[in-house]
$ cat data.csv   # CSV, C-alpha atoms
chain,number,residue,atom,x,y,z
A,1,MET,CA,0.0,0.0,0.0
A,2,ALA,CA,1.0,3.6,-0.5
A,3,ILE,CA,0.6,4.6,3.1
A,4,ASP,CA,3.3,2.9,5.3
A,5,ILE,CA,2.7,2.5,9.0
A,6,HIS,CA,5.7,2.7,11.4
A,7,LEU,CA,3.9,2.1,14.6
A,8,ASP,CA,6.1,-0.9,15.6
A,9,VAL,CA,9.2,1.4,15.2
A,10,MET,CA,7.6,4.1,17.4
A,11,LEU,CA,6.6,1.4,20.0
A,12,ALA,CA,10.2,0.2,20.1
A,13,ARG,CA,11.6,3.7,20.3
A,14,ARG,CA,9.4,4.6,23.2
A,15,LYS,CA,9.8,1.1,24.7
A,16,VAL,CA,6.0,0.8,25.0
A,17,LYS,CA,4.3,-2.6,24.9
A,18,SER,CA,1.4,-3.1,22.4
A,19,LYS,CA,-0.8,-4.3,25.2
A,20,ASP,CA,-0.4,-1.0,27.1
A,21,LEU,CA,-1.0,1.1,24.0
A,22,ALA,CA,-4.1,-0.9,23.1
A,23,ALA,CA,-5.4,-0.4,26.6
A,24,HIS,CA,-4.8,3.4,26.4
A,25,VAL,CA,-6.3,3.8,23.0
A,26,GLY,CA,-9.3,1.6,23.8
A,27,ILE,CA,-8.9,-0.9,21.0
A,28,THR,CA,-8.1,-4.6,21.1
A,29,GLU,CA,-4.6,-6.0,20.7
A,30,GLN,CA,-5.8,-7.8,17.7
A,31,ASN,CA,-6.9,-4.5,16.0
A,32,LEU,CA,-3.6,-2.9,17.0
A,33,SER,CA,-1.7,-5.8,15.4
A,34,LEU,CA,-3.8,-5.3,12.2
A,35,LEU,CA,-3.0,-1.6,12.3
A,36,LYS,CA,0.7,-2.3,12.7
A,37,SER,CA,0.7,-4.7,9.7
A,38,GLY,CA,-1.3,-2.2,7.6
A,39,LYS,CA,-4.2,-4.7,7.2
A,40,VAL,CA,-6.9,-2.1,7.9
A,41,LYS,CA,-8.8,0.2,5.6
A,42,GLY,CA,-8.4,3.3,7.7
A,43,ILE,CA,-7.7,4.8,11.1
A,44,ARG,CA,-10.0,7.1,13.0
A,45,PHE,CA,-8.7,10.5,14.0
A,46,ALA,CA,-9.6,9.6,17.6
A,47,THR,CA,-7.4,6.5,17.5
A,48,LEU,CA,-4.6,8.5,15.9
A,49,GLU,CA,-4.9,11.2,18.5
A,50,ALA,CA,-4.8,8.7,21.3
A,51,ILE,CA,-1.7,6.9,19.8
A,52,CYS,CA,0.1,10.2,19.3
A,53,GLU,CA,-0.7,11.3,22.8
A,54,TYR,CA,0.5,8.1,24.4
A,55,LEU,CA,3.7,7.8,22.3
A,56,ASP,CA,4.3,11.6,22.4
A,57,CYS,CA,4.8,11.8,18.6
A,58,GLN,CA,3.3,13.3,15.5
A,59,PRO,CA,1.0,11.5,13.0
A,60,GLY,CA,3.9,11.8,10.5
A,61,ASP,CA,6.0,9.7,12.8
A,62,ILE,CA,3.6,6.8,12.5
A,63,LEU,CA,2.3,7.2,8.9
A,64,SER,CA,4.2,8.0,5.7
A,65,TRP,CA,3.4,7.9,2.0
A,66,SER,CA,5.7,6.3,-0.5
A,67,LYS,CA,5.4,6.8,-4.2
A,68,ASP,CA,6.8,3.4,-5.2
A,69,ASP,CA,3.9,1.5,-3.8
A,70,ALA,CA,1.2,4.0,-4.8
A,71,VAL,CA,-1.6,2.4,-6.9
A,72,SER,CA,-2.3,4.4,-10.0
B,1,MET,CA,-19.4,-6.5,21.4
B,2,PRO,CA,-22.4,-4.3,22.2
B,3,THR,CA,-25.3,-6.2,23.7
B,4,THR,CA,-28.8,-6.1,22.2
B,5,PRO,CA,-31.2,-3.8,24.1
B,6,SER,CA,-33.6,-6.0,26.0
B,7,THR,CA,-36.6,-4.2,24.5
B,8,VAL,CA,-35.5,-5.0,20.9
B,9,ARG,CA,-34.8,-8.6,21.9
B,10,LYS,CA,-38.3,-8.9,23.5
B,11,LEU,CA,-40.1,-7.1,20.7
B,12,SER,CA,-38.3,-9.3,18.1
B,13,ARG,CA,-39.2,-12.4,20.0
B,14,TRP,CA,-42.9,-11.4,20.3
B,15,ILE,CA,-43.1,-10.5,16.7
B,16,ARG,CA,-41.6,-13.9,15.8
B,17,TYR,CA,-44.2,-15.7,17.9
B,18,ALA,CA,-46.9,-13.6,16.4
B,19,ALA,CA,-45.6,-14.4,12.9
B,20,ILE,CA,-45.5,-18.1,13.5
B,21,LEU,CA,-49.1,-18.0,14.9
B,22,PHE,CA,-50.2,-16.0,11.9
B,23,VAL,CA,-48.8,-18.4,9.4
B,24,MET,CA,-50.2,-21.4,11.3
B,25,ALA,CA,-53.6,-19.7,11.3
B,26,VAL,CA,-53.5,-19.0,7.6
B,27,ILE,CA,-52.5,-22.6,6.8
B,28,ALA,CA,-55.3,-23.9,9.2
B,29,ILE,CA,-57.9,-21.6,7.6
B,30,TYR,CA,-56.9,-22.8,4.1
B,31,LEU,CA,-56.9,-26.5,5.1
B,32,ALA,CA,-60.2,-26.1,6.9
B,33,THR,CA,-61.7,-24.4,3.9
B,34,TRP,CA,-60.5,-27.2,1.6
B,35,MET,CA,-61.2,-30.2,3.9
B,36,LEU,CA,-64.3,-29.0,5.8
B,37,PRO,CA,-66.1,-26.5,3.6
B,38,GLN,CA,-69.2,-26.9,5.7
B,39,LEU,CA,-69.6,-28.4,9.1
B,40,PRO,CA,-72.4,-31.0,9.6
B,41,ASP,CA,-75.7,-29.7,10.8
B,42,GLY,CA,-76.5,-29.8,14.5
B,43,HIS,CA,-73.5,-27.8,15.7
B,44,HIS,CA,-74.1,-24.9,18.1
B,45,ALA,CA,-71.4,-22.9,16.4
B,46,VAL,CA,-71.1,-22.8,12.6
B,47,LEU,CA,-67.8,-22.1,11.1
B,48,MET,CA,-68.1,-20.1,7.9
B,49,LEU,CA,-65.0,-20.1,5.8
B,50,HIS,CA,-64.7,-19.2,2.2
B,51,LEU,CA,-61.9,-18.4,-0.2
B,52,ALA,CA,-61.8,-15.0,-1.8
B,53,GLY,CA,-63.4,-15.0,-5.2
B,54,LEU,CA,-65.8,-17.9,-4.5
B,55,PRO,CA,-69.3,-17.7,-3.1
B,56,ALA,CA,-69.6,-18.9,0.5
B,57,ASN,CA,-71.2,-22.3,-0.3
B,58,ALA,CA,-69.3,-22.9,-3.5
B,59,LEU,CA,-66.7,-25.3,-2.1
B,60,SER,CA,-69.3,-27.3,-0.1
B,61,THR,CA,-71.2,-28.1,-3.3
B,62,MET,CA,-68.2,-29.4,-5.1
B,63,ASP,CA,-66.9,-33.0,-5.1
B,64,PHE,CA,-63.4,-33.8,-3.8
B,65,GLY,CA,-61.7,-33.6,-7.2
B,66,ASP,CA,-63.1,-30.2,-8.1
B,67,ARG,CA,-62.3,-28.9,-4.6
B,68,ALA,CA,-58.7,-30.2,-5.0
B,69,LEU,CA,-58.5,-28.4,-8.4
B,70,VAL,CA,-59.7,-25.1,-6.9
B,71,ALA,CA,-57.4,-25.6,-3.9
B,72,SER,CA,-54.3,-26.3,-6.1
B,73,VAL,CA,-54.3,-22.7,-7.5
B,74,SER,CA,-53.6,-21.4,-4.0
B,75,ILE,CA,-50.5,-23.7,-3.5
B,76,PRO,CA,-48.0,-21.4,-5.2
B,77,TYR,CA,-49.2,-18.5,-3.0
B,78,LEU,CA,-49.1,-20.6,0.2
B,79,ALA,CA,-45.7,-21.9,-0.6
B,80,THR,CA,-44.3,-18.4,-1.2
B,81,PHE,CA,-46.1,-17.1,1.9
B,82,ILE,CA,-44.6,-19.8,4.1
B,83,TRP,CA,-41.2,-19.3,2.7
B,84,ALA,CA,-41.4,-15.5,3.2
B,85,PHE,CA,-42.3,-16.0,6.9
B,86,HIS,CA,-39.6,-18.6,7.3
B,87,ARG,CA,-37.1,-15.9,6.2
B,88,LEU,CA,-38.8,-13.4,8.6
B,89,THR,CA,-38.4,-15.7,11.6
B,90,ARG,CA,-34.8,-16.2,10.7
B,91,MET,CA,-34.3,-12.5,10.5
B,92,LEU,CA,-36.0,-11.9,13.8
B,93,ARG,CA,-33.8,-14.6,15.4
B,94,ASN,CA,-30.7,-12.6,14.2
B,95,PHE,CA,-32.2,-9.4,15.7
B,96,GLU,CA,-32.6,-11.1,19.0
B,97,ALA,CA,-28.9,-12.1,18.9
B,98,GLY,CA,-28.0,-8.5,18.0
B,99,ARG,CA,-26.9,-9.2,14.5
B,100,PHE,CA,-28.7,-6.3,12.8
B,101,PHE,CA,-26.5,-5.5,9.9
B,102,GLU,CA,-25.0,-8.9,9.2
B,103,ARG,CA,-25.0,-10.1,5.6
B,104,GLU,CA,-27.3,-12.9,6.5
B,105,THR,CA,-29.8,-10.7,8.3
B,106,VAL,CA,-30.1,-8.2,5.5
B,107,SER,CA,-30.4,-11.0,3.0
B,108,ASP,CA,-33.3,-12.5,5.1
B,109,LEU,CA,-35.0,-9.0,5.2
B,110,ARG,CA,-34.7,-8.6,1.4
B,111,ALA,CA,-35.9,-12.1,0.8
B,112,PHE,CA,-38.9,-11.6,3.1
B,113,SER,CA,-40.0,-8.3,1.6
B,114,GLY,CA,-39.5,-9.7,-2.0
B,115,LEU,CA,-41.4,-12.9,-1.3
B,116,LEU,CA,-44.2,-11.0,0.4
B,117,LEU,CA,-44.6,-8.9,-2.7
B,118,VAL,CA,-44.6,-12.0,-4.9
B,119,ALA,CA,-47.0,-13.7,-2.4
B,120,LYS,CA,-49.5,-10.8,-2.7
B,121,PHE,CA,-49.3,-11.0,-6.5
B,122,LEU,CA,-49.8,-14.8,-6.4
B,123,SER,CA,-52.7,-14.4,-3.9
B,124,LEU,CA,-54.5,-12.0,-6.4
B,125,ALA,CA,-53.7,-14.4,-9.3
B,126,ALA,CA,-55.1,-17.3,-7.3
B,127,MET,CA,-58.3,-15.4,-6.6
B,128,HIS,CA,-58.8,-14.7,-10.3
B,129,ALA,CA,-57.9,-18.3,-11.2
B,130,ARG,CA,-60.5,-19.6,-8.7
B,131,VAL,CA,-63.2,-17.5,-10.3
B,132,TRP,CA,-62.1,-18.5,-13.8
B,133,LEU,CA,-62.2,-22.2,-12.8
B,134,LEU,CA,-65.7,-21.8,-11.3
B,135,MET,CA,-67.0,-20.0,-14.3
B,136,HIS,CA,-65.4,-22.0,-17.1
B,137,LEU,CA,-64.7,-25.5,-15.8
B,138,LEU,CA,-66.9,-26.2,-12.9
B,139,GLY,CA,-69.7,-23.6,-13.2
B,140,PRO,CA,-72.8,-23.4,-15.4
B,141,GLY,CA,-70.7,-22.2,-18.4
B,142,LYS,CA,-71.3,-18.5,-18.3
B,143,LYS,CA,-69.2,-16.5,-20.7
B,144,VAL,CA,-66.8,-14.3,-18.9
B,145,VAL,CA,-64.2,-13.0,-21.3
B,146,ALA,CA,-61.9,-11.1,-18.9
B,147,MET,CA,-62.2,-9.8,-15.4
B,148,LEU,CA,-60.1,-7.9,-13.0
B,149,ASN,CA,-61.0,-7.7,-9.4
B,150,LEU,CA,-58.7,-5.4,-7.5
B,151,SER,CA,-59.6,-3.3,-4.5
B,152,SER,CA,-57.9,-0.2,-3.2
B,153,ASP,CA,-56.7,-2.3,-0.2
B,154,ASP,CA,-55.0,-4.7,-2.6
B,155,LEU,CA,-53.2,-1.9,-4.4
B,156,ALA,CA,-52.2,-0.3,-1.1
B,157,ILE,CA,-50.8,-3.6,0.2
B,158,LEU,CA,-48.9,-4.1,-3.1
B,159,LEU,CA,-47.5,-0.6,-2.8
B,160,LEU,CA,-46.5,-1.2,0.8
B,161,CYS,CA,-44.8,-4.5,-0.1
B,162,ALA,CA,-42.9,-2.7,-2.9
B,163,LEU,CA,-41.9,0.1,-0.5
B,164,PHE,CA,-40.8,-2.4,2.1
B,165,PHE,CA,-38.6,-4.1,-0.6
B,166,ALA,CA,-37.1,-0.8,-1.4
B,167,ILE,CA,-36.3,-0.1,2.3
B,168,ALA,CA,-34.7,-3.6,2.5
B,169,GLY,CA,-32.5,-2.4,-0.4
B,170,MET,CA,-31.4,0.6,1.7
B,171,MET,CA,-30.6,-1.8,4.6
B,172,GLU,CA,-28.2,-3.5,2.2
B,173,GLU,CA,-26.4,-0.2,1.9
B,174,GLY,CA,-26.4,0.1,5.7
B,175,ARG,CA,-24.9,-3.3,6.0
B,176,ARG,CA,-22.1,-2.4,3.5
B,177,LEU,CA,-21.3,0.8,5.5
B,178,ALA,CA,-21.3,-1.2,8.8
B,179,GLU,CA,-19.0,-3.7,7.2
B,180,GLU,CA,-16.7,-1.0,6.0
B,181,ASN,CA,-16.8,0.7,9.3
B,182,ARG,CA,-15.6,-2.5,11.0
B,183,GLU,CA,-12.4,-2.3,9.0
B,184,PHE,CA,-11.5,1.1,10.5
B,185,VAL,CA,-9.7,1.1,13.8

$ encode --input "data.csv" --output "structure tokens"
Amino acid sequence: MAIDIHLDVMLARRKVKSKDLAAHVGITEQNLSLLKSGKVKGIRFATLEAICEYLDCQPGDILSWSKDDAVS
Amino acid sequence: MPTTPSTVRKLSRWIRYAAILFVMAVIAIYLATWMLPQLPDGHHAVLMLHLAGLPANALSTMDFGDRALVASVSIPYLATFIWAFHRLTRMLRNFEAGRFFERETVSDLRAFSGLLLVAKFLSLAAMHARVWLLMHLLGPGKKVVAMLNLSSDDLAILLLCALFFAIAGMMEEGRRLAEENREFV
């Protein structure tokens, strides 16, 4: 996909466990795992806000767009 | 997973029971009309049943073969009607379990509304077929070229069934949106 998700990188940088982040955001670990692997159609602003708040980062630290994978 | 509100669950259950009773009553009335067109004399209560399109005493004056022939024109209607209510009870069971926008539930709703519309058409067709049989095959041979017996109630019911079918189509869109929403975290 054209949008890359670097949530696992941010989790490692902040030394935060997926379980703790999922509990803070209010989603299941399974959904967080799907989000990390990019197997979701979208992310709600509320979810993104909660992730950024907990990891103390910007949305751009978690999401990026790459031209190579872009579907024309 | 959100739980189904108890009022919705209770209402769905009662509607399901009422639907089952209604179907059983319709089947019983049809069977009684075919099998016992007139109760023997001497009863305190007299059960008067007659099929739409036929005079009240028409069935009782027919022999078994003619009665079976008249009854057979209602079979497509009854089969469709029973099938429609089978899908309705399945849908209500899903409502009770809180599965409102599942593919199966919406499919049951669409099937029920469509089958109900078809059943109403078949019911009207059966009524006309009964009159035609009575006039041409079993009756005194009166010449009836064409006839159309539709009341405003019949048309209103057809319109309601069609509207219900259209609403069921909108439910399909609701299901698609709910499914899409589930893929967002």

$ closest_residue --input "data.csv" --among "A:His24, A:Lys19, A:Arg13, A:Lys39" --to "chain B" --atoms "all atoms listed in the file"
A:Lys39

$ closest_residue --input "data.csv" --among "A:Ala22, A:Leu32, A:Met10, A:Val16" --to "chain B" --atoms "all atoms listed in the file"
A:Leu32

$ interface_residues --input "data.csv" --of "chain A" --to "chain B" --cutoff "12 Å" --atoms "all atoms listed in the file" --output "JSON, numbers by chain"
{"A": [22, 25, 26, 27, 28, 29, 30, 31, 32, 33, 34, 35, 36, 38, 39, 40, 41, 42, 43, 44, 45, 46, 47, 48, 50, 51]}

$ atom_distance --input "data.csv" --atom1 "atom CA of Tyr77 of chain B" --atom2 "atom CA of Leu31 of chain B"
13.7 Å

$ atom_distance --input "data.csv" --atom1 "atom CA of Val73 of chain B" --atom2 "atom CA of Ala166 of chain B"
28.5 Å

$ closest_residue --input "data.csv" --among "B:Lys120, B:Arg103, B:Arg110, B:Arg93" --to "Leu177 of chain B" --atoms "all atoms listed in the file"
B:Arg103

$ atom_distance --input "data.csv" --atom1 "atom CA of Phe164 of chain B" --atom2 "atom CA of Glu179 of chain B"
22.4 Å

$ residues_around --input "data.csv" --residues "Ile167 of chain B" --least-positions-apart "6" --cutoff "12 Å" --atoms "all atoms listed in the file" --output "VMD selection string"
chain B and resid 106 109 to 110 112 to 114 160 to 161 173 to 174

$ write_last_selection --input "data.csv" --atoms "C-alpha atoms" --output "compact mmCIF listing (two decimals), in the coordinates of the input"
# COMPACT_ATOMS: atom_id res chain seq x y z
CA VAL B 106 -30.10 -8.20 5.50
CA LEU B 109 -35.00 -9.00 5.20
CA ARG B 110 -34.70 -8.60 1.40
CA PHE B 112 -38.90 -11.60 3.10
CA SER B 113 -40.00 -8.30 1.60
CA GLY B 114 -39.50 -9.70 -2.00
CA LEU B 160 -46.50 -1.20 0.80
CA CYS B 161 -44.80 -4.50 -0.10
CA GLU B 173 -26.40 -0.20 1.90
CA GLY B 174 -26.40 0.10 5.70

$ residues_around --input "data.csv" --residues "Val70 of chain B" --least-positions-apart "2" --cutoff "10 Å" --atoms "only C-alpha atoms" --output "PyMOL selection string"
chain B and resi 34+51+54+59+62+64-68+72-75+126-127+129-134+138

$ closest_residue --input "data.csv" --among "A:Asp68, A:Lys17, A:Ala23, A:Leu63" --to "Ile3 of chain A" --atoms "all atoms listed in the file"
A:Leu63

$ residues_around --input "data.csv" --residues "Phe81 of chain B" --least-positions-apart "3" --cutoff "12 Å" --atoms "only C-alpha atoms" --output "PyMOL selection string"
chain B and resi 19-20+22-24+26-27+74-78+84-88+111-123

$ build_atoms --input "data.csv" --residues "segment 41-70 of chain A" --atoms "N, CA and C atoms" --output "PDB file, in the coordinates of the input"
ATOM      1  N   LYS A  41      -8.469  -0.751   6.653  1.00  0.00           N
ATOM      2  CA  LYS A  41      -8.800   0.200   5.600  1.00  0.00           C
ATOM      3  C   LYS A  41      -8.545   1.631   5.986  1.00  0.00           C
ATOM      4  N   GLY A  42      -8.600   1.884   7.286  1.00  0.00           N
ATOM      5  CA  GLY A  42      -8.400   3.300   7.700  1.00  0.00           C
ATOM      6  C   GLY A  42      -8.201   3.355   9.219  1.00  0.00           C
ATOM      7  N   ILE A  43      -7.857   4.544   9.659  1.00  0.00           N
ATOM      8  CA  ILE A  43      -7.700   4.800  11.100  1.00  0.00           C
ATOM      9  C   ILE A  43      -8.473   6.040  11.456  1.00  0.00           C
ATOM     10  N   ARG A  44      -9.214   5.965  12.546  1.00  0.00           N
ATOM     11  CA  ARG A  44     -10.000   7.100  13.000  1.00  0.00           C
ATOM     12  C   ARG A  44      -9.099   8.185  13.579  1.00  0.00           C
ATOM     13  N   PHE A  45      -9.498   9.447  13.439  1.00  0.00           N
ATOM     14  CA  PHE A  45      -8.700  10.500  14.000  1.00  0.00           C
ATOM     15  C   PHE A  45      -8.592  10.343  15.551  1.00  0.00           C
ATOM     16  N   ALA A  46      -9.659   9.850  16.168  1.00  0.00           N
ATOM     17  CA  ALA A  46      -9.600   9.600  17.600  1.00  0.00           C
ATOM     18  C   ALA A  46      -8.572   8.627  18.005  1.00  0.00           C
ATOM     19  N   THR A  47      -8.457   7.562  17.194  1.00  0.00           N
ATOM     20  CA  THR A  47      -7.400   6.500  17.500  1.00  0.00           C
ATOM     21  C   THR A  47      -6.049   7.105  17.278  1.00  0.00           C
ATOM     22  N   LEU A  48      -5.889   7.853  16.163  1.00  0.00           N
ATOM     23  CA  LEU A  48      -4.600   8.500  15.900  1.00  0.00           C
ATOM     24  C   LEU A  48      -4.171   9.429  16.962  1.00  0.00           C
ATOM     25  N   GLU A  49      -5.135  10.210  17.420  1.00  0.00           N
ATOM     26  CA  GLU A  49      -4.900  11.200  18.500  1.00  0.00           C
ATOM     27  C   GLU A  49      -4.406  10.484  19.759  1.00  0.00           C
ATOM     28  N   ALA A  50      -5.108   9.411  20.107  1.00  0.00           N
ATOM     29  CA  ALA A  50      -4.800   8.700  21.300  1.00  0.00           C
ATOM     30  C   ALA A  50      -3.375   8.042  21.218  1.00  0.00           C
ATOM     31  N   ILE A  51      -3.046   7.537  20.037  1.00  0.00           N
ATOM     32  CA  ILE A  51      -1.700   6.900  19.800  1.00  0.00           C
ATOM     33  C   ILE A  51      -0.628   7.988  19.958  1.00  0.00           C
ATOM     34  N   CYS A  52      -0.849   9.125  19.285  1.00  0.00           N
ATOM     35  CA  CYS A  52       0.100  10.200  19.300  1.00  0.00           C
ATOM     36  C   CYS A  52       0.317  10.737  20.747  1.00  0.00           C
ATOM     37  N   GLU A  53      -0.773  10.810  21.466  1.00  0.00           N
ATOM     38  CA  GLU A  53      -0.700  11.300  22.800  1.00  0.00           C
ATOM     39  C   GLU A  53       0.112  10.340  23.713  1.00  0.00           C
ATOM     40  N   TYR A  54      -0.137   9.062  23.580  1.00  0.00           N
ATOM     41  CA  TYR A  54       0.500   8.100  24.400  1.00  0.00           C
ATOM     42  C   TYR A  54       2.024   7.947  24.046  1.00  0.00           C
ATOM     43  N   LEU A  55       2.302   8.006  22.727  1.00  0.00           N
ATOM     44  CA  LEU A  55       3.700   7.800  22.300  1.00  0.00           C
ATOM     45  C   LEU A  55       4.442   9.163  22.179  1.00  0.00           C
ATOM     46  N   ASP A  56       3.713  10.245  22.443  1.00  0.00           N
ATOM     47  CA  ASP A  56       4.300  11.600  22.400  1.00  0.00           C
ATOM     48  C   ASP A  56       4.983  11.811  21.032  1.00  0.00           C
ATOM     49  N   CYS A  57       4.210  11.692  19.984  1.00  0.00           N
ATOM     50  CA  CYS A  57       4.800  11.800  18.600  1.00  0.00           C
ATOM     51  C   CYS A  57       3.757  12.514  17.726  1.00  0.00           C
ATOM     52  N   GLN A  58       4.144  12.735  16.489  1.00  0.00           N
ATOM     53  CA  GLN A  58       3.300  13.300  15.500  1.00  0.00           C
ATOM     54  C   GLN A  58       2.694  12.254  14.572  1.00  0.00           C
ATOM     55  N   PRO A  59       1.539  12.517  13.942  1.00  0.00           N
ATOM     56  CA  PRO A  59       1.000  11.500  13.000  1.00  0.00           C
ATOM     57  C   PRO A  59       2.022  11.104  11.943  1.00  0.00           C
ATOM     58  N   GLY A  60       2.847  12.071  11.533  1.00  0.00           N
ATOM     59  CA  GLY A  60       3.900  11.800  10.500  1.00  0.00           C
ATOM     60  C   GLY A  60       4.930  10.814  10.990  1.00  0.00           C
ATOM     61  N   ASP A  61       5.054  10.658  12.311  1.00  0.00           N
ATOM     62  CA  ASP A  61       6.000   9.700  12.800  1.00  0.00           C
ATOM     63  C   ASP A  61       5.491   8.248  12.688  1.00  0.00           C
ATOM     64  N   ILE A  62       4.195   8.166  12.555  1.00  0.00           N
ATOM     65  CA  ILE A  62       3.600   6.800  12.500  1.00  0.00           C
ATOM     66  C   ILE A  62       3.204   6.471  11.040  1.00  0.00           C
ATOM     67  N   LEU A  63       2.785   7.496  10.298  1.00  0.00           N
ATOM     68  CA  LEU A  63       2.300   7.200   8.900  1.00  0.00           C
ATOM     69  C   LEU A  63       3.248   7.978   7.931  1.00  0.00           C
ATOM     70  N   SER A  64       3.475   7.331   6.810  1.00  0.00           N
ATOM     71  CA  SER A  64       4.200   8.000   5.700  1.00  0.00           C
ATOM     72  C   SER A  64       3.679   7.523   4.394  1.00  0.00           C
ATOM     73  N   TRP A  65       3.902   8.325   3.385  1.00  0.00           N
ATOM     74  CA  TRP A  65       3.400   7.900   2.000  1.00  0.00           C
ATOM     75  C   TRP A  65       4.643   7.674   1.156  1.00  0.00           C
ATOM     76  N   SER A  66       4.620   6.581   0.455  1.00  0.00           N
ATOM     77  CA  SER A  66       5.700   6.300  -0.500  1.00  0.00           C
ATOM     78  C   SER A  66       5.192   6.164  -1.877  1.00  0.00           C
ATOM     79  N   LYS A  67       5.890   6.767  -2.802  1.00  0.00           N
ATOM     80  CA  LYS A  67       5.400   6.800  -4.200  1.00  0.00           C
ATOM     81  C   LYS A  67       5.532   5.451  -4.874  1.00  0.00           C
ATOM     82  N   ASP A  68       6.553   4.687  -4.485  1.00  0.00           N
ATOM     83  CA  ASP A  68       6.800   3.400  -5.200  1.00  0.00           C
ATOM     84  C   ASP A  68       5.628   2.460  -5.097  1.00  0.00           C
ATOM     85  N   ASP A  69       4.980   2.409  -3.944  1.00  0.00           N
ATOM     86  CA  ASP A  69       3.900   1.500  -3.800  1.00  0.00           C
ATOM     87  C   ASP A  69       2.540   2.026  -4.163  1.00  0.00           C
ATOM     88  N   ALA A  70       2.533   3.308  -4.555  1.00  0.00           N
ATOM     89  CA  ALA A  70       1.200   4.000  -4.800  1.00  0.00           C
ATOM     90  C   ALA A  70       0.535   3.243  -5.992  1.00  0.00           C
TER      91      ALA A  70
END
